[in-house]
Amino acid sequence: MIEITIIGSGNVAQHLIKAFTKSELVKIVQVFSRKKASLMHLIDSDKIVTDFSDLKEADLYIIAITDDAISRVSEQLRFQNKLVVHTSGTSSINVLNLKNRRGVFYPLQTFSKTKPIDFSIIPICLEAENEADYSILETVAKSISNTVFSISSEQRKALHVSAVFVNNFTNHLYQIGQEICEEHQVPFEILKPLILETAEKIKTLTPVDAQTGPAKRNDSATIEAHLNYLTNENQRNIYKLITQSIQNNGKTL
């Protein structure tokens with residue numbers, strides 16, 4: 001059984017705790033958190049530590065914290081030659097301190113503390129500096145997920161930027177759609193089947209083939225009508241920018 005310690009108490013850390021608790025191949029030795037109370041609903045309080053000096057021996061230490069704190073925290077770890085990884089999508093493996101063996105354990109998913117999630121379908125992107133450490137990470141990843149990839153730091157940057165487009169930006173467009181509906185007393189619920197079908201189509205079609213709508217059809221009359229209807233300048237600008245991007249798709253600019 002591989003013994004692990006998780007450093008962090010945020011969204012990613014909490015979902016990892018839940019997932020590893022169910023694994024038969026992994027044992028959580030400890031979890032580090034600045035505030036012990038933030039994790040007591042997930043794990044025994046005697047396994048939660050608030051001081052780095054109280055960290056015990058483990059096979060793997062997973063730093064699941066904000067990107068700008070990874071380097072500082074990895075420096076504060078008092079042991080050496082242990083396998084230490086972070087869970088960041090954008091940070092290089094090189095942000096980790098050289099005194100320990102370094103790696104990356106990046107679950108590519110959006111996490112909210114209160115939203116249950118099936119970890120078995122989450123892609124986990126791994127990186128290590130040698131084959132032995134990669135093998136450890138692969139075993140740990142496969143104990144909670146059915147989808148594991150070897151991804152370099154440079155490739156992970158591309159994945160994270162892509163994820164911002166397909167997740168964060170898309171969700172912001174949902175928010176705009178909801179605001180427009182609420183402004184005109186239309187239930188946002190009406191749009192949910194459309195949202196689900198749009199996502200479902202990506203399982204069988206490429207995004208290019210799945211694209212529909214007035215911009216794709218070059219329906220200038222409808223586009224103009226929409227722009228005239230939108231009184232919010234921010235919404236108008238976003239509409240125009242995305243419309244232009246769709247219409248320019250495949251063209252040499």
# chains A, B, ... in the order shown; residues from 1 in each chain; ligands from 1
$ select_by_dssp --residues "range 57-250 of chain A" --states "alpha helix (DSSP H)" --output "PyMOL selection string"
chain A and resi 70-76+131-142+153-163+170-183+192-201+207-210+214-217+220-229+233-248
$ select_by_dssp --residues "range 1-250 of chain A" --states "strand (DSSP E)" --output "VMD selection string"
chain A and resid 2 to 7 26 to 32 48 to 49 60 to 63 83 to 86 101 to 107 124 to 128 148 to 150
$ residues_around --residues "range 93-101 of chain A" --least-positions-apart "5" --cutoff "6 Å" --atoms "only C-alpha atoms" --output "short mmCIF file (atom, residue, chain, number, x, y, z; two decimals) with N, CA, C and O atoms, in the first residue's frame"
data_model
loop_
_atom_site.label_atom_id
_atom_site.label_comp_id
_atom_site.auth_asym_id
_atom_site.auth_seq_id
_atom_site.Cartn_x
_atom_site.Cartn_y
_atom_site.Cartn_z
N SER A 71 5.93 26.88 -4.63
CA SER A 71 7.38 26.97 -4.44
C SER A 71 7.74 27.19 -2.98
O SER A 71 8.62 26.52 -2.42
N SER A 74 7.03 24.05 -0.86
CA SER A 74 7.98 22.97 -1.12
C SER A 74 9.33 23.25 -0.46
O SER A 74 10.04 22.32 -0.07
N GLU A 75 9.67 24.51 -0.30
CA GLU A 75 10.91 24.88 0.40
C GLU A 75 10.79 24.63 1.90
O GLU A 75 11.79 24.33 2.56
N GLN A 80 14.15 15.39 2.84
CA GLN A 80 14.84 15.41 1.56
C GLN A 80 14.68 14.07 0.86
O GLN A 80 14.43 13.04 1.50
N ASN A 81 14.82 14.09 -0.46
CA ASN A 81 14.78 12.89 -1.31
C ASN A 81 13.47 12.11 -1.19
O ASN A 81 13.45 10.89 -1.34
N LYS A 82 12.39 12.84 -0.94
CA LYS A 82 11.06 12.25 -0.96
C LYS A 82 10.37 12.66 -2.27
O LYS A 82 10.73 13.66 -2.89
N LEU A 83 9.37 11.88 -2.68
CA LEU A 83 8.62 12.21 -3.89
C LEU A 83 7.56 13.25 -3.55
O LEU A 83 6.63 12.97 -2.80
#
$ residues_around --residues "Ile180 in chain A" --least-positions-apart "3" --cutoff "12 Å" --atoms "only C-alpha atoms" --output "PyMOL selection string"
chain A and resi 173-177+183-188+191+226+229-232+235-236
$ closest_residue --among "A:Phe149, A:Phe32, A:Phe165, A:Phe52" --to "Phe105 in chain A" --atoms "only C-alpha atoms"
A:Phe149
$ closest_residue --among "A:Ala199, A:Leu137, A:Ile122, A:Ile151" --to "Asn167 in chain A" --atoms "only C-alpha atoms"
A:Ala199
$ residues_around --residues "Lys216 in chain A" --least-positions-apart "4" --cutoff "7 Å" --atoms "only C-alpha atoms" --output "ChimeraX atom specification"
/A:211-212,246-247
$ closest_residue --among "A:Lys56, A:His41, A:Arg156, A:His15" --to "Val104 in chain A" --atoms "only C-alpha atoms"
A:Arg156
$ closest_residue --among "A:Ala215, A:Thr110, A:Asn228, A:Leu16" --to "Thr243 in chain A" --atoms "only C-alpha atoms"
A:Ala215
